[in-house]
Amino acid sequence: MLSKKIEQAINKQINAELASAYLYLGMSAYFNEVSLVGFANWMRAQYDEELFHAMKMYDYVLERGGNISLDTVQAPPQAWNNIIEVFEAVLAHEQKITQSINRLVTLAMSEQDHATVNFLQWFVDEQVEEEASVSELLAQIKLVGGQGSGLFMLDREAAQRKFIQPAE
Ligand code: OFO
């Protein structure tokens with residue numbers, strides 16, 4: 001059984017993961033608007049990944065006999081100036097999510113909820129990977145100045161990305 005504190009905290013994190021999905025869906029729409037269809041695809045895969053994160057937590061709460069409480073999902077920004085601004089926002093967002101996952105682990109430790117600490121380890125590792133892949137892509141986008149034929153090549157690469165659900 002989950003403590004009320006942990007139940008509330010994971011529900012809050014489910015909301016943050018859904019807000020992440022919504023943010024990336026908005027960014028995908030922006031990339032479609034500016035004809036960067038590869039990056040639109042990349043963000044759509046990111047959206048799928050965030051939904052997976054939210055549902056992984058959702059299922060965990062249920063498995064531990066807790067209750068789900070869904071809240072309003074924050075609307076994403078409507079406009080972006082350029083691709084560098086978008087990916088800087090993604091990196092800042094993922095760093096914020098890493099902090100909230102870390103706070104969740106600290107809470108689970110203080111509650112001596114070892115199962116939750118163990119469950120969250122997957123997310124701790126996932127955040128290392130998320131931050132690394134976004135940092136690398138941002139660096140490449142900056143390298144080509146966020147435009148021209150360099151960006152066109154990166155867009156073609158981004159078109160290849162697919163979200164593959166990890167094995168449980
Ligand atoms: Fe769920 O990792 Fe991004 O936000």
# chains A, B, ... in the order shown; residues from 1 in each chain; ligands from 1
>>> closest_atom_pairs(of="stretch 119-161 of chain A", to="stretch 24-35 of chain A", cutoff="12 Å", atoms="only C-alpha atoms", output="Markdown table")
| residue | atom | partner | partner_atom | distance |
| --- | --- | --- | --- | --- |
| A:Gln147 | CA | A:Val34 | CA | 11.9 |
| A:Leu151 | CA | A:Ser35 | CA | 11.7 |
| A:Phe152 | CA | A:Ser35 | CA | 10.3 |
| A:Asp155 | CA | A:Ser35 | CA | 9.8 |
| A:Arg156 | CA | A:Ser35 | CA | 11.7 |
| A:Ala158 | CA | A:Phe31 | CA | 11.5 |
| A:Ala159 | CA | A:Phe31 | CA | 11.7 |
>>> residues_near_ligand(ligand="ligand 1", cutoff="6 Å", atoms="only C-alpha atoms and all ligand atoms", output="number ranges by chain")
A: 17, 20, 50, 53, 94, 97, 127
>>> write_last_selection(atoms="all heavy atoms", output="tab-separated table (two decimals), in the first residue's frame")
chain	number	residue	atom	x	y	z
A	17	GLU	N	4.39	14.58	-16.27
A	17	GLU	CA	4.74	13.80	-17.46
A	17	GLU	C	3.73	14.07	-18.59
A	17	GLU	O	4.11	14.19	-19.76
A	17	GLU	CB	4.78	12.30	-17.15
A	17	GLU	CG	5.78	11.89	-16.07
A	17	GLU	CD	7.25	12.07	-16.48
A	17	GLU	OE1	7.54	12.09	-17.68
A	17	GLU	OE2	8.08	12.20	-15.57
A	20	SER	N	4.55	17.33	-19.99
A	20	SER	CA	5.72	17.19	-20.88
A	20	SER	C	5.24	16.73	-22.26
A	20	SER	O	5.67	17.26	-23.29
A	20	SER	CB	6.70	16.16	-20.34
A	20	SER	OG	7.18	16.50	-19.07
A	50	GLU	N	6.73	10.44	-23.43
A	50	GLU	CA	6.22	11.04	-22.18
A	50	GLU	C	4.90	10.41	-21.75
A	50	GLU	O	4.66	10.23	-20.55
A	50	GLU	CB	6.06	12.56	-22.34
A	50	GLU	CG	7.36	13.31	-22.60
A	50	GLU	CD	8.41	13.13	-21.51
A	50	GLU	OE1	8.11	12.62	-20.42
A	50	GLU	OE2	9.57	13.49	-21.78
A	53	HIS	N	5.83	7.37	-20.00
A	53	HIS	CA	6.29	7.66	-18.62
A	53	HIS	C	5.09	7.85	-17.69
A	53	HIS	O	5.05	7.31	-16.59
A	53	HIS	CB	7.15	8.93	-18.58
A	53	HIS	CG	8.45	8.81	-19.29
A	53	HIS	ND1	9.27	9.88	-19.54
A	53	HIS	CD2	9.09	7.72	-19.81
A	53	HIS	CE1	10.35	9.47	-20.18
A	53	HIS	NE2	10.26	8.16	-20.36
A	94	GLU	N	13.67	19.25	-19.27
A	94	GLU	CA	14.12	17.93	-18.80
A	94	GLU	C	14.94	18.05	-17.52
A	94	GLU	O	14.87	17.18	-16.65
A	94	GLU	CB	14.90	17.20	-19.90
A	94	GLU	CG	14.03	16.68	-21.02
A	94	GLU	CD	12.89	15.75	-20.55
A	94	GLU	OE1	13.05	15.03	-19.56
A	94	GLU	OE2	11.82	15.79	-21.18
A	97	ILE	N	12.49	18.30	-14.82
A	97	ILE	CA	11.88	16.98	-14.55
A	97	ILE	C	12.84	16.10	-13.75
A	97	ILE	O	12.43	15.39	-12.83
A	97	ILE	CB	11.45	16.29	-15.88
A	97	ILE	CG1	10.30	17.06	-16.56
A	97	ILE	CG2	11.06	14.83	-15.65
A	97	ILE	CD1	8.96	17.03	-15.82
A	127	GLN	N	16.23	9.82	-17.09
A	127	GLN	CA	16.53	11.26	-17.15
A	127	GLN	C	17.96	11.53	-17.58
A	127	GLN	O	18.22	12.51	-18.28
A	127	GLN	CB	16.21	11.93	-15.80
A	127	GLN	CG	14.73	12.13	-15.55
A	127	GLN	CD	13.99	12.82	-16.69
A	127	GLN	OE1	13.09	12.25	-17.27
A	127	GLN	NE2	14.38	14.04	-17.04
>>> closest_residue(among="A:Asp59, A:Glu85, A:Ile6, A:Thr72", to="A:Thr106", atoms="only C-alpha atoms")
A:Ile6
>>> select_by_dssp(residues="stretch 102-165 of chain A", states="alpha helix (DSSP H)", output="PyMOL selection string")
chain A and resi 102-110+114-143+148-158
>>> residues_around(residues="A:Gln95", least_positions_apart="3", cutoff="12 Å", atoms="only C-alpha atoms", output="JSON, numbers by chain")
{"A": [20, 88, 89, 90, 91, 92, 98, 99, 100, 101, 102, 124, 126, 127, 128, 129, 130, 131, 132, 134, 135]}
>>> residues_around(residues="A:Phe163", least_positions_apart="5", cutoff="8 Å", atoms="only C-alpha atoms", output="list in words")
Ala45, Gln46, Asp48 and Glu49 of chain A
>>> closest_residue(among="A:Phe123, A:Phe39, A:Phe52, A:Tyr47", to="A:Ile83", atoms="only C-alpha atoms")
A:Phe39
>>> residues_around(residues="A:Gln13", least_positions_apart="2", cutoff="10 Å", atoms="only C-alpha atoms", output="number ranges by chain")
A: 7-11, 15-19, 53-54, 57-58, 97, 100-101, 104
>>> atom_distance(atom1="atom CA of A:Asp125", atom2="atom CA of A:Gln74")
25.4 Å
>>> closest_residue(among="A:Gln121, A:Ser110, A:Ser133, A:Gln78", to="A:Leu23", atoms="only C-alpha atoms")
A:Gln78
